[in-house]
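Visitor: You'll find coords12.txt just under this line, and it carries compact mmCIF, C-alpha atoms.
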# COMPACT_ATOMS: atom_id res chain seq x y z
CA MET U 1161 -4.02 -0.78 25.97
CA GLU U 1162 -3.86 1.96 23.33
CA SER U 1163 -2.66 4.65 25.69
CA ASN U 1164 -0.08 2.46 27.43
CA SER U 1165 1.43 1.35 24.12
CA THR U 1166 1.55 4.91 22.87
CA ASN U 1167 3.35 6.02 26.01
CA ARG U 1168 5.90 3.25 25.62
CA ASN U 1169 6.44 4.25 22.02
CA LEU U 1170 6.96 7.90 22.95
CA ASN U 1171 9.50 7.02 25.61
CA PHE U 1172 11.77 5.56 22.91
CA LYS U 1173 11.96 8.67 20.73
CA SER U 1174 15.34 9.26 19.13
CA PRO U 1175 17.69 11.99 20.33
CA LEU U 1176 17.14 15.57 19.24
CA ILE U 1177 19.84 16.76 16.84
CA LYS U 1178 18.68 20.25 15.96
CA SER U 1179 16.30 22.79 17.40
CA ASN U 1180 15.87 26.51 16.82
CA GLN U 1181 15.60 28.96 19.69
CA GLY U 1182 11.82 29.01 19.63
CA GLY U 1183 11.76 25.23 19.84
CA LYS U 1184 9.45 24.96 16.82
CA ARG U 1185 11.87 23.24 14.45
CA THR U 1186 12.91 19.84 15.76
CA TYR U 1187 14.80 17.02 14.05
CA TYR U 1188 15.22 13.52 15.40
CA VAL U 1189 17.77 10.93 14.30
CA LYS U 1190 15.04 8.37 13.61
CA SER U 1191 13.05 10.91 11.60
CA LEU U 1192 16.06 11.57 9.41
CA ILE U 1193 16.54 7.82 8.95
CA ALA U 1194 12.88 7.46 7.91
CA VAL U 1195 13.19 10.34 5.43
CA ALA U 1196 16.33 8.76 3.98
CA ILE U 1197 14.60 5.39 3.60
CA PHE U 1198 11.67 6.90 1.72
CA LEU U 1199 13.93 8.94 -0.56
CA ILE U 1200 16.15 5.95 -1.35
CA LEU U 1201 13.11 3.79 -2.12
CA ILE U 1202 11.76 6.44 -4.48
CA ILE U 1203 15.13 6.82 -6.22
CA VAL U 1204 15.43 3.05 -6.62
CA GLU U 1205 11.93 2.99 -8.17
CA LEU U 1206 13.12 5.55 -10.69
CA VAL U 1207 16.34 3.81 -11.68
CA LYS U 1208 15.91 0.09 -10.99
CA SER U 1209 12.19 -0.55 -10.37
CA GLY U 1210 12.89 -1.94 -6.90
CA GLY U 1211 15.82 -4.33 -7.14
CA TYR U 1212 16.19 -6.28 -3.90
CA LEU U 1213 16.16 -3.28 -1.57
CA ASP U 1214 12.53 -3.97 -0.61
CA GLU U 1215 13.41 -7.55 0.35
CA ILE U 1216 16.33 -6.27 2.44
CA ILE U 1217 13.96 -3.90 4.25
CA GLY U 1218 11.62 -6.83 4.81
CA VAL U 1219 14.38 -8.89 6.45
CA ILE U 1220 15.50 -5.94 8.59
CA SER U 1221 11.87 -5.44 9.63
CA VAL U 1222 11.71 -9.04 10.87
CA PHE U 1223 14.67 -8.51 13.19
CA TYR U 1224 13.37 -5.14 14.35
CA ILE U 1225 9.98 -6.65 15.22
CA ILE U 1226 11.60 -9.54 17.09
CA PHE U 1227 13.83 -7.27 19.19
CA SER U 1228 11.06 -4.70 19.77
CA ARG U 1229 8.23 -7.14 20.44
CA LYS U 1230 7.68 -5.87 24.00
CA ARG U 1231 6.74 -2.45 22.63
CA ILE U 1232 4.24 -3.78 20.09
CA GLU U 1233 0.54 -3.65 20.93
CA ARG U 1234 -1.11 -7.00 21.58
CA ARG U 1235 -3.49 -6.70 18.64
CA ASP U 1236 -0.57 -6.13 16.23
CA LEU U 1237 1.40 -8.98 17.77
CA ILE U 1238 -1.58 -11.24 17.08
CA SER U 1239 -1.60 -10.08 13.45
CA ILE U 1240 2.12 -10.80 13.14
CA VAL U 1241 1.61 -14.29 14.61
CA ILE U 1242 -1.21 -14.92 12.12
CA LEU U 1243 1.11 -13.84 9.30
CA ALA U 1244 3.70 -16.31 10.61
CA ILE U 1245 1.06 -19.06 10.41
CA VAL U 1246 0.55 -18.21 6.72
CA VAL U 1247 4.30 -18.55 6.18
CA LEU U 1248 4.25 -21.92 7.96
CA ILE U 1249 1.37 -23.12 5.76
CA GLY U 1250 3.28 -22.16 2.62
CA ILE U 1251 6.49 -23.87 3.74
CA ILE U 1252 4.63 -27.06 4.71
CA SER U 1253 3.14 -27.10 1.20
CA ASN U 1254 6.60 -26.65 -0.31
CA ILE U 1255 7.87 -29.64 1.67
CA ALA U 1256 4.80 -31.76 0.97
CA TYR U 1257 4.52 -31.21 -2.79
CA GLY U 1258 8.04 -30.18 -3.85
CA ILE U 1259 6.85 -28.10 -6.80
CA ASN U 1260 9.69 -25.65 -6.23
CA ASP U 1261 12.70 -27.36 -4.66
CA SER U 1262 14.95 -24.27 -4.57
CA ALA U 1263 15.35 -23.21 -0.95
CA PHE U 1264 16.67 -19.82 -2.02
CA SER U 1265 13.72 -19.16 -4.33
CA VAL U 1266 11.26 -20.16 -1.61
CA ALA U 1267 13.04 -17.96 0.95
CA VAL U 1268 12.96 -14.95 -1.37
CA ASP U 1269 9.25 -15.46 -1.97
CA VAL U 1270 8.57 -15.76 1.76
CA VAL U 1271 10.10 -12.31 2.21
CA ALA U 1272 8.39 -10.93 -0.91
CA GLU U 1273 4.91 -11.92 0.23
CA THR U 1274 5.34 -10.69 3.82
CA LYS U 1275 7.70 -7.70 3.52
CA LEU U 1276 4.94 -5.14 3.03
CA LEU U 1277 3.15 -6.03 6.26
CA LEU U 1278 6.40 -6.50 8.17
CA ALA U 1279 7.69 -3.10 7.03
CA TYR U 1280 4.36 -1.54 7.98
CA PHE U 1281 4.59 -2.85 11.55
CA ALA U 1282 8.29 -1.99 11.80
CA MET U 1283 7.76 1.61 10.67
CA LYS U 1284 4.72 1.95 12.94
CA TYR U 1285 6.80 1.19 16.04
CA PHE U 1286 10.17 2.51 14.88
CA LEU U 1287 8.97 6.10 15.21
CA SER U 1288 7.13 7.74 18.08
CA ASP U 1289 4.20 10.02 17.27
CA ARG U 1290 6.46 13.08 17.59
CA GLU U 1291 9.03 11.52 15.28
CA LYS U 1292 6.34 10.61 12.76
CA GLN U 1293 5.06 14.18 12.75
CA ALA U 1294 8.61 15.51 12.39
CA THR U 1295 9.17 13.15 9.44
CA ILE U 1296 5.95 14.30 7.79
CA ASN U 1297 6.84 17.98 8.19
CA MET U 1298 10.37 17.39 6.87
CA LEU U 1299 8.96 15.79 3.70
CA LEU U 1300 6.42 18.59 3.13
CA PRO U 1301 8.59 20.75 0.80
CA LEU U 1302 9.24 17.75 -1.45
CA ALA U 1303 5.52 16.85 -1.40
CA LYS U 1304 4.66 20.39 -2.55
CA ILE U 1305 7.22 20.29 -5.37
CA PHE U 1306 6.02 16.85 -6.47
CA THR U 1307 2.36 17.90 -6.44
CA ILE U 1308 2.84 21.14 -8.38
CA SER U 1309 5.15 19.47 -10.92
CA ALA U 1310 2.84 16.50 -11.45
CA PHE U 1311 -0.16 18.80 -11.89
CA VAL U 1312 1.58 21.03 -14.45
CA PHE U 1313 2.99 18.17 -16.51
CA SER U 1314 -0.20 16.09 -16.33
CA VAL U 1315 -2.17 19.01 -17.82
CA ILE U 1316 0.47 19.58 -20.51
CA SER U 1317 0.38 15.85 -21.33
CA LEU U 1318 -3.30 16.18 -22.18
CA PHE U 1319 -2.36 18.25 -25.20
CA ALA U 1320 1.16 17.13 -26.10
CA ASP U 1321 3.25 13.98 -25.71
CA ILE U 1322 6.19 15.07 -23.54
CA GLY U 1323 7.40 11.56 -22.72
CA MET U 1324 5.42 11.21 -19.50
CA SER U 1325 2.51 9.25 -20.93
CA GLY U 1326 1.60 5.66 -21.65
CA SER U 1327 -1.34 3.93 -23.27
CA VAL U 1328 -4.64 5.68 -24.05
CA ARG U 1329 -7.73 5.14 -21.87
CA TYR U 1330 -11.03 6.98 -22.07
CA GLY U 1331 -9.44 8.92 -24.94
CA ILE U 1332 -6.74 10.26 -22.58
CA ARG U 1333 -3.06 9.38 -22.47
CA GLU U 1334 -2.12 7.62 -19.23
CA PHE U 1335 0.03 9.99 -17.14
CA LYS U 1336 2.93 8.37 -15.28
CA PHE U 1337 5.14 11.44 -14.68
CA ILE U 1338 8.86 10.58 -14.33
CA PHE U 1339 8.26 6.89 -13.60
CA ALA U 1340 8.43 3.90 -15.92
CA PHE U 1341 4.99 2.68 -14.82
CA SER U 1342 1.91 4.49 -13.58
CA PHE U 1343 1.57 2.21 -10.52
CA GLN U 1344 4.95 3.52 -9.30
CA TYR U 1345 3.77 7.09 -9.79
CA VAL U 1346 0.55 6.40 -7.87
CA ALA U 1347 2.35 4.62 -5.01
CA VAL U 1348 4.79 7.50 -4.51
CA TYR U 1349 1.90 9.95 -4.74
CA MET U 1350 0.16 8.12 -1.89
CA LEU U 1351 3.14 9.08 0.29
CA PHE U 1352 3.10 12.72 -0.78
CA PHE U 1353 -0.68 13.03 -0.66
CA GLY U 1354 -0.56 11.78 2.92
CA ILE U 1355 2.10 14.39 3.69
CA LEU U 1356 -0.28 17.08 2.41
CA VAL U 1357 -3.05 15.72 4.63
CA CYS U 1358 -1.10 15.08 7.82
CA ASN U 1359 1.43 17.91 8.07
CA THR U 1360 1.05 20.67 10.67
CA LYS U 1361 2.63 23.44 8.57
CA MET U 1362 -0.01 24.27 5.93
CA ARG U 1363 -2.96 26.59 6.16
CA ASP U 1364 -6.38 25.17 5.35
CA ASN U 1365 -6.92 27.05 2.07
CA ALA U 1366 -3.47 26.09 0.77
CA ARG U 1367 -4.09 22.47 1.75
CA ILE U 1368 -7.30 22.35 -0.28
CA ALA U 1369 -5.56 23.86 -3.31
CA TYR U 1370 -2.92 21.13 -3.17
CA TYR U 1371 -5.66 18.48 -2.81
CA VAL U 1372 -7.27 19.71 -6.02
CA MET U 1373 -3.98 19.60 -7.94
CA ALA U 1374 -3.15 16.16 -6.56
CA ILE U 1375 -6.53 14.64 -7.39
CA ILE U 1376 -6.49 16.00 -10.94
CA SER U 1377 -3.01 14.64 -11.65
CA LEU U 1378 -3.92 11.28 -10.04
CA VAL U 1379 -7.11 10.90 -12.06
CA LEU U 1380 -5.14 11.66 -15.22
CA ALA U 1381 -3.19 8.45 -14.59
CA THR U 1382 -6.47 6.96 -15.96
CA LYS U 1383 -6.07 3.83 -13.83
CA GLY U 1384 -8.81 2.38 -11.65
CA PRO U 1385 -6.95 2.56 -8.29
CA PRO U 1386 -6.10 6.30 -8.33
CA ILE U 1387 -9.58 7.13 -9.62
CA MET U 1388 -11.12 5.05 -6.84
CA PHE U 1389 -8.79 6.60 -4.26
CA SER U 1390 -9.88 10.08 -5.33
CA ILE U 1391 -13.57 9.19 -5.12
CA ILE U 1392 -13.21 7.54 -1.72
CA PHE U 1393 -11.08 10.33 -0.27
CA VAL U 1394 -13.34 13.19 -1.36
CA GLY U 1395 -16.51 11.29 -0.44
CA LEU U 1396 -15.28 10.28 3.02
CA ALA U 1397 -13.73 13.69 3.78
CA ILE U 1398 -17.17 15.24 3.25
CA TYR U 1399 -19.01 12.42 5.02
CA PHE U 1400 -16.76 12.42 8.12
CA LYS U 1401 -17.42 16.13 8.68
CA LYS U 1402 -20.81 15.14 10.10
CA HIS U 1403 -20.48 11.43 10.86
CA ASP U 1404 -17.97 9.35 12.80
CA LYS U 1405 -18.82 5.95 11.33
CA ILE U 1406 -19.73 4.64 7.88
CA SER U 1407 -23.32 3.38 7.70
CA PRO U 1408 -24.22 0.22 5.67
CA ALA U 1409 -26.22 2.35 3.22
CA VAL U 1410 -23.22 4.58 2.51
CA PHE U 1411 -21.02 1.52 2.12
CA ILE U 1412 -23.39 0.03 -0.50
CA ILE U 1413 -23.70 3.30 -2.41
CA GLY U 1414 -19.93 3.68 -2.36
CA ALA U 1415 -19.41 0.14 -3.66
CA VAL U 1416 -21.75 0.84 -6.60
CA ILE U 1417 -19.93 4.09 -7.44
CA LEU U 1418 -16.54 2.37 -7.25
CA ALA U 1419 -17.74 -0.49 -9.47
CA ALA U 1420 -18.90 2.05 -12.04
CA ALA U 1421 -15.61 3.96 -11.85
CA GLY U 1422 -13.59 0.77 -12.27
CA TRP U 1423 -15.82 -0.87 -14.87
CA PHE U 1424 -13.23 -0.47 -17.63
CA GLN U 1425 -10.72 -2.50 -15.62
CA ILE U 1426 -13.34 -5.03 -14.53
CA GLU U 1427 -14.47 -5.61 -18.11
CA THR U 1428 -10.96 -5.63 -19.54
CA TYR U 1429 -9.15 -7.72 -16.94
CA LEU U 1430 -11.71 -9.91 -15.17
CA LEU U 1431 -14.63 -10.51 -17.54
CA ASN U 1432 -12.53 -11.08 -20.64
CA GLU U 1433 -11.96 -14.85 -20.87
CA ASN U 1434 -8.61 -14.37 -22.61
CA SER U 1435 -7.26 -11.89 -20.08
CA PRO U 1436 -4.16 -13.16 -18.21
CA ARG U 1437 -5.63 -11.91 -14.91
CA ARG U 1438 -8.87 -13.81 -15.53
CA ILE U 1439 -6.84 -16.92 -16.38
CA PHE U 1440 -4.78 -16.53 -13.19
CA PHE U 1441 -7.91 -16.29 -11.05
CA GLU U 1442 -9.39 -19.35 -12.76
CA TYR U 1443 -6.34 -21.50 -12.19
CA ALA U 1444 -5.79 -20.12 -8.70
CA PHE U 1445 -9.07 -21.78 -7.70
CA LYS U 1446 -8.04 -24.98 -9.49
CA THR U 1447 -4.66 -24.92 -7.72
CA ALA U 1448 -6.31 -24.38 -4.32
CA ASN U 1449 -8.63 -27.33 -5.00
CA LYS U 1450 -5.88 -29.59 -6.34
CA TYR U 1451 -3.58 -28.94 -3.38
CA PHE U 1452 -6.33 -28.64 -0.81
CA PRO U 1453 -6.26 -27.37 1.86
CA LEU U 1454 -2.83 -25.70 2.09
CA GLY U 1455 -2.08 -24.66 -1.51
CA SER U 1456 0.95 -25.29 -3.70
CA GLY U 1457 3.52 -23.43 -1.59
CA PHE U 1458 5.80 -20.43 -2.00
CA ALA U 1459 7.31 -19.58 -5.39
CA THR U 1460 4.93 -21.87 -7.27
CA TYR U 1461 2.02 -19.76 -8.53
CA GLY U 1462 1.47 -16.10 -9.38
CA SER U 1463 4.56 -14.79 -7.62
CA ASP U 1464 7.70 -13.19 -9.01
CA GLN U 1465 9.79 -16.22 -8.06
CA ALA U 1466 7.31 -18.57 -9.76
CA ALA U 1467 7.85 -16.54 -12.93
CA ARG U 1468 11.64 -16.30 -12.62
CA HIS U 1469 12.00 -20.06 -12.10
CA TYR U 1470 9.01 -20.85 -14.33
CA SER U 1471 6.84 -22.99 -12.12
CA LYS U 1472 6.10 -26.60 -13.05
CA LEU U 1473 2.41 -25.73 -12.63
CA TYR U 1474 2.60 -23.35 -15.59
CA TYR U 1475 3.60 -26.20 -17.87
CA GLN U 1476 0.78 -28.33 -16.51
CA TYR U 1477 -1.71 -25.52 -17.13
CA GLY U 1478 -0.41 -24.75 -20.62
CA PHE U 1479 0.72 -21.24 -19.74
CA ASP U 1480 3.91 -21.82 -21.72
CA GLN U 1481 1.79 -21.66 -24.91
CA LEU U 1482 0.21 -18.30 -24.08
CA SER U 1483 1.57 -14.92 -25.10
CA GLY U 1484 3.01 -13.01 -22.14
CA MET U 1485 2.90 -16.13 -19.96
CA SER U 1486 5.62 -18.26 -21.53
CA PRO U 1487 9.21 -18.75 -20.29
CA GLU U 1488 10.47 -16.49 -23.09
CA ASN U 1489 7.86 -13.75 -22.52
CA SER U 1490 6.70 -13.70 -18.90
CA ALA U 1491 5.33 -10.15 -18.78
CA PHE U 1492 1.99 -11.20 -17.20
CA LEU U 1493 3.22 -13.99 -14.92
CA SER U 1494 3.76 -11.88 -11.80
CA ASP U 1495 1.13 -9.22 -12.44
CA THR U 1496 -1.36 -10.35 -9.83
CA PHE U 1497 -1.66 -10.72 -6.07
CA TRP U 1498 -4.84 -12.31 -4.70
CA PRO U 1499 -4.67 -15.21 -7.19
CA MET U 1500 -1.12 -15.79 -5.92
CA ALA U 1501 -2.40 -15.98 -2.34
CA ILE U 1502 -5.22 -18.37 -3.25
CA GLY U 1503 -2.96 -20.67 -5.27
CA GLN U 1504 0.11 -20.70 -3.03
CA PHE U 1505 -1.61 -20.73 0.39
CA GLY U 1506 -4.81 -22.56 -0.51
CA TRP U 1507 -8.28 -21.76 0.80
CA ILE U 1508 -7.27 -21.79 4.46
CA GLY U 1509 -4.01 -19.87 4.08
CA SER U 1510 -5.44 -17.20 1.75
CA ILE U 1511 -8.35 -16.52 4.12
CA ILE U 1512 -5.94 -16.23 7.05
CA TYR U 1513 -3.73 -13.97 4.94
CA LEU U 1514 -6.70 -11.71 4.15
CA ILE U 1515 -7.58 -11.59 7.86
CA VAL U 1516 -4.20 -9.98 8.59
CA TYR U 1517 -5.02 -7.10 6.22
CA ILE U 1518 -8.51 -6.79 7.69
CA ARG U 1519 -7.04 -6.61 11.19
CA VAL U 1520 -4.67 -3.85 10.06
CA PHE U 1521 -7.65 -1.92 8.69
CA PHE U 1522 -9.58 -2.25 11.93
CA THR U 1523 -6.68 -0.79 13.92
CA PHE U 1524 -7.32 2.47 12.06
CA LYS U 1525 -10.82 2.61 13.55
CA ASN U 1526 -9.35 2.65 17.05
CA LYS U 1527 -7.30 5.78 16.34
CA LYS U 1528 -8.62 9.31 16.85
CA PHE U 1529 -8.07 10.95 13.48
CA THR U 1530 -9.25 14.22 11.97
CA ASN U 1531 -11.88 13.73 9.28
CA GLN U 1532 -9.34 14.27 6.48
CA ARG U 1533 -6.68 11.98 7.96
CA LYS U 1534 -9.30 9.27 8.48
CA ALA U 1535 -10.61 9.74 4.93
CA PHE U 1536 -7.10 9.52 3.52
CA ILE U 1537 -6.03 6.41 5.44
CA TYR U 1538 -9.25 4.58 4.59
CA ALA U 1539 -9.01 5.63 0.94
CA VAL U 1540 -5.36 4.68 0.45
CA PHE U 1541 -5.78 1.32 2.19
CA LEU U 1542 -8.91 0.41 0.20
CA GLN U 1543 -7.36 1.39 -3.11
CA TYR U 1544 -4.44 -0.95 -2.40
CA MET U 1545 -6.84 -3.80 -1.64
CA ILE U 1546 -8.68 -3.15 -4.88
CA HIS U 1547 -5.46 -2.63 -6.82
CA ALA U 1548 -4.24 -6.06 -5.69
CA ILE U 1549 -7.05 -7.73 -7.65
CA GLY U 1550 -5.31 -6.92 -10.92
CA SER U 1551 -1.74 -6.23 -9.83
CA ALA U 1552 1.02 -7.57 -7.60
CA ILE U 1553 1.13 -4.22 -5.79
CA LEU U 1554 1.08 -5.83 -2.32
CA SER U 1555 4.30 -7.71 -2.99
CA SER U 1556 6.06 -4.93 -4.91
CA SER U 1557 8.59 -2.32 -3.89
CA ALA U 1558 6.08 0.40 -4.85
CA GLY U 1559 3.50 -1.11 -2.50
CA LEU U 1560 6.13 -1.16 0.24
CA ILE U 1561 6.45 2.62 -0.04
CA GLY U 1562 2.67 2.95 0.28
CA PHE U 1563 2.29 0.80 3.37
CA MET U 1564 5.29 2.31 5.14
CA ALA U 1565 3.66 5.66 4.42
CA ILE U 1566 0.39 4.48 5.98
CA ALA U 1567 2.33 3.51 9.11
CA LEU U 1568 3.85 6.99 9.14
CA PHE U 1569 0.39 8.56 9.20
CA THR U 1570 -1.02 6.52 12.09
CA ILE U 1571 -0.84 9.35 14.60
CA SER U 1572 -3.80 10.09 16.87
CA ASP U 1573 -4.84 13.73 16.58
CA ASP U 1574 -5.72 15.67 19.71
CA GLU U 1575 -9.30 16.72 20.45
CA SER U 1576 -8.83 20.37 19.45
CA GLU U 1577 -7.39 19.38 16.06
CA ARG U 1578 -10.29 17.01 15.37
CA LYS U 1579 -12.85 19.70 16.24
CA ARG U 1580 -11.02 22.23 14.07
CA SER U 1581 -11.05 19.86 11.09
CA LYS U 1582 -14.80 19.40 11.35
CA ILE U 1583 -15.55 23.11 11.67
CA LYS U 1584 -13.06 24.95 9.47
CA ILE U 1585 -12.07 22.56 6.72
CA HIS U 1586 -14.32 22.55 3.66
CA VAL U 1587 -13.81 19.93 0.96
Rewrite the structure from the file as structure tokens, please.
Guide:
Amino acid sequence: MESNSTNRNLNFKSPLIKSNQGGKRTYYVKSLIAVAIFLILIIVELVKSGGYLDEIIGVISVFYIIFSRKRIERRDLISIVILAIVVLIGIISNIAYGINDSAFSVAVDVVAETKLLLAYFAMKYFLSDREKQATINMLLPLAKIFTISAFVFSVISLFADIGMSGSVRYGIREFKFIFAFSFQYVAVYMLFFGILVCNTKMRDNARIAYYVMAIISLVLATKGPPIMFSIIFVGLAIYFKKHDKISPAVFIIGAVILAAAGWFQIETYLLNENSPRRIFFEYAFKTANKYFPLGSGFATYGSDQAARHYSKLYYQYGFDQLSGMSPENSAFLSDTFWPMAIGQFGWIGSIIYLIVYIRVFFTFKNKKFTNQRKAFIYAVFLQYMIHAIGSAILSSSAGLIGFMAIALFTISDDESERKRSKIKIHV
């Protein structure tokens, strides 16, 4: 099924618009469109922190998936159908309980909570493997500039405040580069880091040098997710040089290391009884129990729309009396993801929702990647899953960039490339 679907995808590559005489430089219309989309998303992150562009991309992705369904692999079609079931569960809850009676608000939240996965599938099938590789190579110069600049300014920020820093953690100022928030910086870096890993233009020694610069400037963000990404990527890149699969023992050891690396966030956000994230988890379980088994519905708990229209549940739970969770100051009301899923979709819906992400992860195992590409895709996906515990990254415009980037990197490498990566590349 894999090979047939790939062939179908390749047959739909976009027309060539430029090629040099040697035939080595090739541009495709679809590749240029993909580059433009990524650049526009990054610019919007810089100037407007998302706006509604991500929702528009989500809606466009729905139509693209519908009209391109015959080209989509069966396993991905099943995942899309499962996601549709989650949407149905949420809408049934909205009708049954009427907590949010604004059809527009509910519709916006439906798109917000599904756009990331829909855009992932749309990007995955919009480009053929050749077009994906062309897109990656076209973005390489920008990835190099971003990596060098971030490295230089992150080191300078250790010693002087140049306006690219935030709060202090571990005695180090949080580096966020040219972005308003560090999560935006990290999400964009996931795109450019993947470009460094997956391009076909860099020599091995240069690639490793860029990895080192990227990891240093990511770790200096001092946030759990980029630190965990760096640990997972380096660990798996070394491990996959000699092994094809992750053993249970390695998985357990890795989980312990990640827990230690993220202990500051665990202690601050989840174990602290007064932490907004801890409170959201607590009441997510109460909401799932109260509105068993289907949850409270879209735009009612933990989502951006629930905050904008200040959910009736928040008054019932006394959130309006808490700092950062009141109608006047709602800074923490949409700063979570998994509690949103548990509360809005209930026990059944949230489990089904999680299954979609698990299915996406397992599709990576069926691809033939080089050790570094495999390490990167596993690392970036896992850091997003972990990040979603304490952030709404999986329903944000920044998260959209990350998952569209993952789709861009899902190219099977040929046998000679995989052998070369195991023999010549040293991490």
Visitor: What's around Tyr1475 of chain U at 12 Å? Count all atoms listed in the file, leave out sequence neighbours fewer than 4 positions away in its own chain, and write the answer as JSON, numbers by chain.
Guide: {"U": [1259, 1460, 1461, 1466, 1467, 1469, 1470, 1471, 1479, 1480, 1481, 1482, 1485, 1486, 1487]}
Visitor: Could you write out the selected residues, including C-alpha atoms, as a PDB file, in the frame of the given file?
Guide:
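As written to disk, out-v3.pdb reads:
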ATOM      1  CA  ILE U1259       6.850 -28.100  -6.800  1.00  0.00           C
ATOM      2  CA  THR U1460       4.930 -21.870  -7.270  1.00  0.00           C
ATOM      3  CA  TYR U1461       2.020 -19.760  -8.530  1.00  0.00           C
ATOM      4  CA  ALA U1466       7.310 -18.570  -9.760  1.00  0.00           C
ATOM      5  CA  ALA U1467       7.850 -16.540 -12.930  1.00  0.00           C
ATOM      6  CA  HIS U1469      12.000 -20.060 -12.100  1.00  0.00           C
ATOM      7  CA  TYR U1470       9.010 -20.850 -14.330  1.00  0.00           C
ATOM      8  CA  SER U1471       6.840 -22.990 -12.120  1.00  0.00           C
ATOM      9  CA  PHE U1479       0.720 -21.240 -19.740  1.00  0.00           C
ATOM     10  CA  ASP U1480       3.910 -21.820 -21.720  1.00  0.00           C
ATOM     11  CA  GLN U1481       1.790 -21.660 -24.910  1.00  0.00           C
ATOM     12  CA  LEU U1482       0.210 -18.300 -24.080  1.00  0.00           C
ATOM     13  CA  MET U1485       2.900 -16.130 -19.960  1.00  0.00           C
ATOM     14  CA  SER U1486       5.620 -18.260 -21.530  1.00  0.00           C
ATOM     15  CA  PRO U1487       9.210 -18.750 -20.290  1.00  0.00           C
TER      16      PRO U1487
END
Visitor: Quick one, how far is atom CA of Lys1275 of chain U from atom CA of Phe1497 of chain U?
Guide: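 If I compute the distance from atom CA of Lys1275 of chain U to atom CA of Phe1497 of chain U, I get 13.7 Å.
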Visitor: List as CSV every residue of segment 1512-1546 of chain U that is in contact with segment 1347-1364 of chain U, defined as an atom at most 8 Å from one of its atoms (using only C-alpha atoms), together with the nearest atom pair and the distance in Å rounded to one decimal, sorted by chain and then rising number.
Guide:
residue,atom,partner,partner_atom,distance
U:Gln1532,CA,U:Val1357,CA,6.7
U:Arg1533,CA,U:Val1357,CA,6.2
U:Phe1536,CA,U:Gly1354,CA,6.9
U:Val1540,CA,U:Met1350,CA,6.9
Visitor: Check the smallest atom-to-atom distance from each of U:Asn1449, U:Tyr1285, U:Gln1543, U:Lys1292 to Ile1391 of chain U using only C-alpha atoms, then report the winner.
Guide: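 Between U:Asn1449, U:Tyr1285, U:Gln1543, U:Lys1292, the residue approaching Ile1391 of chain U most closely is U:Gln1543.
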Visitor: Find the distance between atom CA of Tyr1477 of chain U and atom CA of Gly1506 of chain U and write it in Å to one decimal.
Guide: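 If I compute the distance from atom CA of Tyr1477 of chain U to atom CA of Gly1506 of chain U, I get 17.2 Å.
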Visitor: Excluding same-chain residues fewer than 5 positions from Ser1262 of chain U, what lies within 10 Å of it counting only C-alpha atoms, as a PDB file with C-alpha atoms, in the frame of the given file?
Guide:
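What ended up in selection-v6.pdb:
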ATOM      1  CA  ASN U1254       6.600 -26.650  -0.310  1.00  0.00           C
ATOM      2  CA  ALA U1267      13.040 -17.960   0.950  1.00  0.00           C
ATOM      3  CA  ALA U1459       7.310 -19.580  -5.390  1.00  0.00           C
ATOM      4  CA  HIS U1469      12.000 -20.060 -12.100  1.00  0.00           C
TER       5      HIS U1469
END
Visitor: Rank nothing, just name the residue among U:Arg1235, U:Leu1278, U:Glu1488, U:Ala1320 nearest to Leu1554 of chain U, using all atoms listed in the file.
Guide: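 Ranking U:Arg1235, U:Leu1278, U:Glu1488, U:Ala1320 by distance to Leu1554 of chain U, first place goes to U:Leu1278.
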Visitor: Could you tell me how far atom CA of Phe1458 of chain U lies from atom CA of Lys1472 of chain U, in Å and to one decimal?
Guide: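 Here the two named atoms are 12.7 Å from each other.
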Visitor: Go through segment 1253-1329 of chain U and flag each residue having an atom no more than 10 Å from segment 1382-1387 of chain U; for those, report the closest pair of atoms plus their distance in Å to one decimal, using only C-alpha atoms, ordered by chain and rising number, as JSON lines.
Guide:
{"residue": "U:Gly1326", "atom": "CA", "partner": "U:Thr1382", "partner_atom": "CA", "distance": 10.0}
{"residue": "U:Ser1327", "atom": "CA", "partner": "U:Thr1382", "partner_atom": "CA", "distance": 9.4}
{"residue": "U:Val1328", "atom": "CA", "partner": "U:Thr1382", "partner_atom": "CA", "distance": 8.4}
{"residue": "U:Arg1329", "atom": "CA", "partner": "U:Thr1382", "partner_atom": "CA", "distance": 6.3}
Visitor: Looking at U:Ile1508, U:Ile1197, U:Val1241, U:Val1271, which one is nearest to Asp1464 of chain U, with distances taken over only C-alpha atoms?
Guide: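 Counting only C-alpha atoms, the residue closest to Asp1464 of chain U is U:Val1271.
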Visitor: My list of candidates is U:Ile1305, U:Leu1201, U:Phe1441, U:Ser1239. Which is closest to Phe1522 of chain U when distances are computed with all atoms listed in the file?
Guide: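 Once distances to Phe1522 of chain U are computed over all atoms listed in the file, the minimum belongs to U:Ser1239.
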Visitor: Is it possible to get the residues within 6 Å of (4.3, 15.9, 17.2) (coordinates as in the file, counting all atoms listed in the file) written as a PyMOL selection string?
Guide: chain U and resi 1289-1290+1293
Visitor: For the selection just defined, write its residues with C-alpha atoms to a file, as a PDB file, keeping the file's coordinate frame.
Guide:
ATOM      1  CA  ASP U1289       4.200  10.020  17.270  1.00  0.00           C
ATOM      2  CA  ARG U1290       6.460  13.080  17.590  1.00  0.00           C
ATOM      3  CA  GLN U1293       5.060  14.180  12.750  1.00  0.00           C
TER       4      GLN U1293
END
Visitor: May I ask which of the residues U:Leu1302, U:Leu1243, U:Ile1200, U:Met1564 is the closest one to Ile1515 of chain U, counting all atoms listed in the file?
Guide: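 Checking each of U:Leu1302, U:Leu1243, U:Ile1200, U:Met1564 against Ile1515 of chain U, counting all atoms listed in the file, the winner is U:Leu1243.
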